[in-house]
Amino acid sequence: MEKKLEVKNLVISFRTDAGKVQAVRDISFDLYKGETLAIVGESGSGKSVTNRAVMGILAGNGMIEGGEIIYDGQDLVQISEEDFHKLRGDKIAMIFQDPLSSLNPIMRVGKQLTEAMLLKGRASQRNARKIFNGKLKLLNAAMDEVAQGDSAKVSENNGKCHTFDTFCINSTKLESKYNEIHRAAEELQLDIDDCVFLLEKKQKVDIKAKVTAFVKRVDSTLHPDIVVKDEQLTELLAQLSESGNVASAKIHEGETGYVTETLIPLLKQLSGILGQACAKDKPNYFTLGYYMMRNPEANLDNMPIEELTEMTRKYLDEEFMLGFIDDGAQGLQYSHNKSIALKKELLTATDEVLEYFRNEQLDKKVAYDKVNAIAKQEEAAIDRLEVIKNSVEYTFRSSIHSALKKYFAGLAKNPKEERRFERQTAKREALIAKGKTPDWKVVPAALFDLELGRKNIRAVLHSLRASIRKDLDSDSAYDAKAKMVNLIDYLKEQASAVVYKVTPKMAKAKALKLLEEVGIPEPAIRYRQYPFEFSGGMRQRIVIAIALAANPDILICDEPTTALDVTIQAQILELINRIKAERHLSVIFITHNLGVVANMADRIAVMYAGKIVEYGTADDVFYDPRHPYTWALLSSMPDLETKEKLEAIPGTPPNMIFPPKGDAFAARNKFAMEIDFEEQPPMFKISDTHYAATWLLHPNAPKVEPPKIVTDRIERMKKKEAESNG
Ligand SMILES: Nc1ncnc2c1ncn2[C@@H]1O[C@H](COP(=O)(O)OP(=O)(O)OP(=O)(O)O)[C@@H](O)[C@H]1O
Ligand SMILES: [Mg+2]
């Protein structure tokens, strides 16, 4: 499965007057394409802070002290502000608990939707052009390398790439023109049907103005592949104009029969023509664009679409595409081989650098020189023509730099900390020697674990090595032709984005579609209303529509239903589930109530005091929970069926300015052992999908069963599951 987002060893703190709040303390998780990851935990556990960091909207006093957030081969912690803004709210969108806070109270909701689209449209157009040109240039260069200085071949390559460039953009232009006109035809049909509906209901309508507008609007629907203005249509429009005038006069005189007998049938006839036109197949503009470029004089208007597509496809393949794929594939193979050869060298070099970091003593200059040299070598070995970016490769430099920085900061800090500890101890002992009892204790030396620091550096090198190994192992499976076809598809997508101009009119059409998609009835009316005119549930739907406007890959929902009553809550959950499936979104769903995510999460991360304490599939966590905190959450989960009394989790979460030394949950955990107060438990692996950080999983720990309320609940859930499976 494709990873959409990787969070690795994230550490986040806030500076406050009272001290440093350690809100997120080294958490890691992955989000896969098309899945819902639930993050569950009590208030203050760090759920929102984690996701705000992903969105790049931490409060001003917040700082990311360590770790990586990797999206599309980029570390969001490291990338420039400008790039970050492009991603957030574009590829990654977030909705909050209180929909009102995300809406502008004095702007109509329609405008709030279209504004976002118009702004985003321009930025993504620029970006797509950059990607399109960059990749095509790289491909051309690789093809030229294959030509080995054969100047005829080089100029042939240039010609091919140029042809591809021109006709890609031309085709998408033709296509977007078509789309625009198609939409106009659809809208006109809808408006005519609305008008007919009102007339049939004997509602007051300004017939003359309406009919005149309809007749005029037909012009915006004319296109050889949509509506054609033939004799029949011209005749119909003339009749319609006239009967609009007549009907208007007759209504004035109180006579309604004419409208029903003459005007309505004419309007229905026009609506029918538009409907049929819209239902026609769409030509393949990619192939057609090429044909028209080569045969600008050709008139294909009367060719049936299927035949047209077949003919133009064949023409494109024979005249251009097959040859281009062959040449391009050779270029890709060349680029791939070069990358593989460099990776082989890189593997040896990585081993050498790894060897250095096994030393107990590291020299800062030597370490940085080695790391910079290997990063340079690594970056040269990346095959930039691969469409899917390998995040290990693309983030190697920033990952290893951050590990080095941590290590050397610790190295510099430890002696100071030791001196402080010695000084205070000496002072205390001196006081005691004088017979006094100091009312203060010596704060233990908080030393940075240098060995762990070096291990972290090596871990980055190890993961690079694993990634190279994988590439070398799968080398024989490299299929250059298939890759070339993929690359062409990718370039085509970028080309469509380049010419995808969002006009205010299109933005409105898209906004109406979005409102409909999120289940808002009568979008055309609602479009013109202000947020206060909507109920809480409807407002949350609008916020979701705004989030979807930029076409995100990832949707982060931070307690989106907490402020809503139970039935509305269920509807919003259903909506999120539906759009997730329809749009293949990856969703992070934050909640303090495990019950909410029972039917929607694929995987669950349980957070407590800034750490992930249990992590697994929904089945792992619901049917085989291991952490006492997860048990507590399960016991406090409202159960609609048995109406049993909730068992509130006793105690309160710790103060995150002074997080506990051991397991942060120990003080509230009736299963806590001595070690829980002393040392933080590591993540124990229970299965390939299931992990939990509790000393209870240590092989030497006593066997402890979950509380009865939890085991009973599991039994009930299993029974229910079995029943629903028949
Ligand atoms: N700007 C800030 N300054 C100081 N501390 C902060 C700031 N923002 C968050 N925190 C602290 O960080 C910790 C985690 O907060 P976070 O908002 O992530 O909790 P949460 O799990 O989302 O809880 P809730 O369920 O209440 O939304 C809390 O201790 C909180 O007090
Ligand atoms: Mg929160």
# chains A, B, ... in the order shown; residues from 1 in each chain; ligands from 1

$ residues_around --residues "segment 120-133 of chain A" --least-positions-apart "5" --cutoff "7 Å" --atoms "only C-alpha atoms" --output "PyMOL selection string"
chain A and resi 491+494-495+497-498+500-502+550

$ residues_near_ligand --ligand "ligand 1" --cutoff "7 Å" --atoms "only C-alpha atoms and all ligand atoms" --output "MDAnalysis selection string"
chainID A and resid 14:16 21:23 41:50 59:62 591:592 610 656

$ residues_around --residues "segment 447-464 of chain A" --least-positions-apart "3" --cutoff "10 Å" --atoms "only C-alpha atoms" --output "PyMOL selection string"
chain A and resi 346-347+350-351+353-362+371+374+378+392-393+395-397+399-418+444+467-470

$ closest_residue --among "A:Pro659, A:Leu136, A:Tyr478, A:Pro628" --to "Met673 of chain A" --atoms "only C-alpha atoms"
A:Pro628

$ closest_residue --among "A:Asp281, A:Asp90, A:Glu386, A:Asp558" --to "ligand 2" --atoms "only C-alpha atoms and all ligand atoms"
A:Asp558

$ closest_residue --among "A:Gly19, A:Pro560, A:Gly519, A:Pro504" --to "ligand 2" --atoms "only C-alpha atoms and all ligand atoms"
A:Pro560
